[in-house]
Amino acid sequence: MYLYKRWSYNTRYSFKKRYDDTEQYEIMFGLVHGIEHLYKENIEEGLYLVALAVPSVIDRAREWMEVLHYRILNHEQVRRIYGSVLSKLDDKTKEIIINLLRDIKSEDPNMFSNSVDEVLKAI
């Protein structure tokens with residue numbers, strides 16, 4: 001259903017080595033799924049809380065923030081709401097997330113160009 005960019009065909013070793021040196025990546029993906037479940041219960045509020053957390057963790061867990069954003073970008077309904085949510089953030093938080101989204105777009109424009117543009121247009 002979702003496309004997992006960059007790690008779908010990698011071995012566990014390369015995945016573990018790449019993502020923040022996380023040794024328990026299954027636990028981290030469990031957290032990602034838990035976060036998704038929480039924000040889908042109340043999408044707007046949940047996405048707002050995810051967005052607020054980005055600046056405090058981006059330096060230590062950038063790749064996991066990318067994973068969360070890949071998932072948001074790959075879901076049409078969530079993606080549309082996320083753009084609206086981002087428009088309500090303070091300028092610093094918004095700038096950090098916009099830069100993250102632009103990086104995602106530049107890393108794989110074929111997969112994420114349209115969805116990143118859609119989110120950025122809504123801001």
# chains A, B, ... in the order shown; residues from 1 in each chain; ligands from 1
call {"tool": "residues_around", "arguments": {"residues": "Glu118 of chain A", "least_positions_apart": "6", "cutoff": "8 Å", "atoms": "only C-alpha atoms", "output": "tab-separated table (two decimals) with C-alpha atoms, in the first residue's frame"}}
result
chain	number	residue	atom	x	y	z
A	79	ARG	CA	-1.25	15.05	2.72
A	80	ARG	CA	-4.03	17.57	2.01
A	83	GLY	CA	-0.57	21.43	4.19
call {"tool": "residues_around", "arguments": {"residues": "Leu73 of chain A", "least_positions_apart": "3", "cutoff": "10 Å", "atoms": "only C-alpha atoms", "output": "PyMOL selection string"}}
result
chain A and resi 2+67-70+76-80+82+101+104+111-116+118-119
call {"tool": "residues_around", "arguments": {"residues": "Ile81 of chain A", "least_positions_apart": "4", "cutoff": "10 Å", "atoms": "only C-alpha atoms", "output": "mmCIF file with N, CA, C and O atoms, in the first residue's frame"}}
result
data_model
loop_
_atom_site.group_PDB
_atom_site.id
_atom_site.type_symbol
_atom_site.label_atom_id
_atom_site.label_comp_id
_atom_site.auth_asym_id
_atom_site.auth_seq_id
_atom_site.Cartn_x
_atom_site.Cartn_y
_atom_site.Cartn_z
ATOM 1 N N ILE A 43 -7.098 13.575 12.718
ATOM 2 C CA ILE A 43 -6.036 13.854 11.752
ATOM 3 C C ILE A 43 -5.406 15.229 11.955
ATOM 4 O O ILE A 43 -4.190 15.349 12.065
ATOM 5 N N GLU A 44 -6.213 16.257 12.000
ATOM 6 C CA GLU A 44 -5.657 17.609 12.071
ATOM 7 C C GLU A 44 -4.846 17.818 13.350
ATOM 8 O O GLU A 44 -3.702 18.299 13.306
ATOM 9 N N LEU A 47 -1.600 15.565 13.258
ATOM 10 C CA LEU A 47 -0.578 16.086 12.353
ATOM 11 C C LEU A 47 0.052 17.360 12.912
ATOM 12 O O LEU A 47 1.245 17.601 12.729
ATOM 13 N N TYR A 48 -0.745 18.156 13.594
ATOM 14 C CA TYR A 48 -0.216 19.365 14.224
ATOM 15 C C TYR A 48 0.825 18.987 15.284
ATOM 16 O O TYR A 48 1.909 19.576 15.346
ATOM 17 N N ILE A 72 3.190 10.440 5.208
ATOM 18 C CA ILE A 72 2.208 11.526 5.034
ATOM 19 C C ILE A 72 2.048 11.849 3.563
ATOM 20 O O ILE A 72 0.923 11.973 3.053
ATOM 21 N N GLU A 76 -3.107 10.530 0.275
ATOM 22 C CA GLU A 76 -3.727 11.733 -0.284
ATOM 23 C C GLU A 76 -4.495 12.558 0.740
ATOM 24 O O GLU A 76 -4.308 13.775 0.839
ATOM 25 N N GLN A 77 -5.366 11.930 1.514
ATOM 26 C CA GLN A 77 -6.174 12.673 2.486
ATOM 27 C C GLN A 77 -5.289 13.309 3.556
ATOM 28 O O GLN A 77 -5.463 14.487 3.905
ATOM 29 N N VAL A 85 -2.426 22.218 8.049
ATOM 30 C CA VAL A 85 -1.860 22.244 9.393
ATOM 31 C C VAL A 85 -0.571 23.064 9.416
ATOM 32 O O VAL A 85 -0.354 23.877 10.316
ATOM 33 N N LEU A 86 0.283 22.868 8.424
ATOM 34 C CA LEU A 86 1.557 23.591 8.381
ATOM 35 C C LEU A 86 1.355 25.098 8.281
ATOM 36 O O LEU A 86 2.151 25.866 8.807
ATOM 37 N N VAL A 119 1.561 19.940 -0.882
ATOM 38 C CA VAL A 119 1.628 20.376 0.517
ATOM 39 C C VAL A 119 2.115 21.818 0.586
ATOM 40 O O VAL A 119 1.530 22.651 1.295
ATOM 41 N N ALA A 122 -0.387 24.472 -0.239
ATOM 42 C CA ALA A 122 -1.439 24.668 0.769
ATOM 43 C C ALA A 122 -0.981 25.527 1.946
ATOM 44 O O ALA A 122 -1.813 25.969 2.741
#
call {"tool": "atom_distance", "arguments": {"atom1": "atom CA of Asp59 of chain A", "atom2": "atom CA of Asp117 of chain A"}}
result
24.0 Å
call {"tool": "decode", "arguments": {"residues": "segment 100-116 of chain A", "atoms": "N, CA and C atoms", "output": "compact mmCIF listing (two decimals), in the first residue's frame"}}
result
# COMPACT_ATOMS: atom_id res chain seq x y z
N LEU A 100 12.74 20.27 5.01
CA LEU A 100 12.69 18.81 5.01
C LEU A 100 11.93 18.31 3.77
N LEU A 101 10.78 18.91 3.51
CA LEU A 101 9.99 18.51 2.35
C LEU A 101 10.74 18.77 1.03
N ARG A 102 11.42 19.89 0.94
CA ARG A 102 12.21 20.18 -0.26
C ARG A 102 13.35 19.18 -0.45
N ASP A 103 13.97 18.78 0.66
CA ASP A 103 15.02 17.76 0.57
C ASP A 103 14.46 16.43 0.08
N ILE A 104 13.31 16.05 0.60
CA ILE A 104 12.66 14.82 0.15
C ILE A 104 12.37 14.90 -1.34
N LYS A 105 11.85 16.02 -1.78
CA LYS A 105 11.54 16.21 -3.20
C LYS A 105 12.80 16.13 -4.05
N SER A 106 13.89 16.75 -3.61
CA SER A 106 15.11 16.75 -4.42
C SER A 106 15.79 15.38 -4.43
N GLU A 107 15.62 14.60 -3.36
CA GLU A 107 16.19 13.26 -3.32
C GLU A 107 15.49 12.31 -4.27
N ASP A 108 14.19 12.47 -4.45
CA ASP A 108 13.44 11.58 -5.35
C ASP A 108 12.28 12.35 -5.98
N PRO A 109 12.60 13.20 -6.96
CA PRO A 109 11.55 14.02 -7.57
C PRO A 109 10.48 13.21 -8.29
N ASN A 110 10.83 12.07 -8.85
CA ASN A 110 9.82 11.26 -9.55
C ASN A 110 8.74 10.77 -8.60
N MET A 111 9.14 10.44 -7.39
CA MET A 111 8.17 9.89 -6.45
C MET A 111 7.45 10.97 -5.64
N PHE A 112 8.16 12.07 -5.31
CA PHE A 112 7.60 13.00 -4.34
C PHE A 112 7.37 14.42 -4.84
N SER A 113 7.72 14.73 -6.05
CA SER A 113 7.60 16.10 -6.54
C SER A 113 6.17 16.63 -6.44
N ASN A 114 5.23 15.89 -6.98
CA ASN A 114 3.84 16.36 -6.98
C ASN A 114 3.26 16.46 -5.58
N SER A 115 3.53 15.47 -4.74
CA SER A 115 2.93 15.49 -3.40
C SER A 115 3.56 16.59 -2.53
N VAL A 116 4.87 16.81 -2.66
CA VAL A 116 5.50 17.91 -1.91
C VAL A 116 4.95 19.24 -2.40
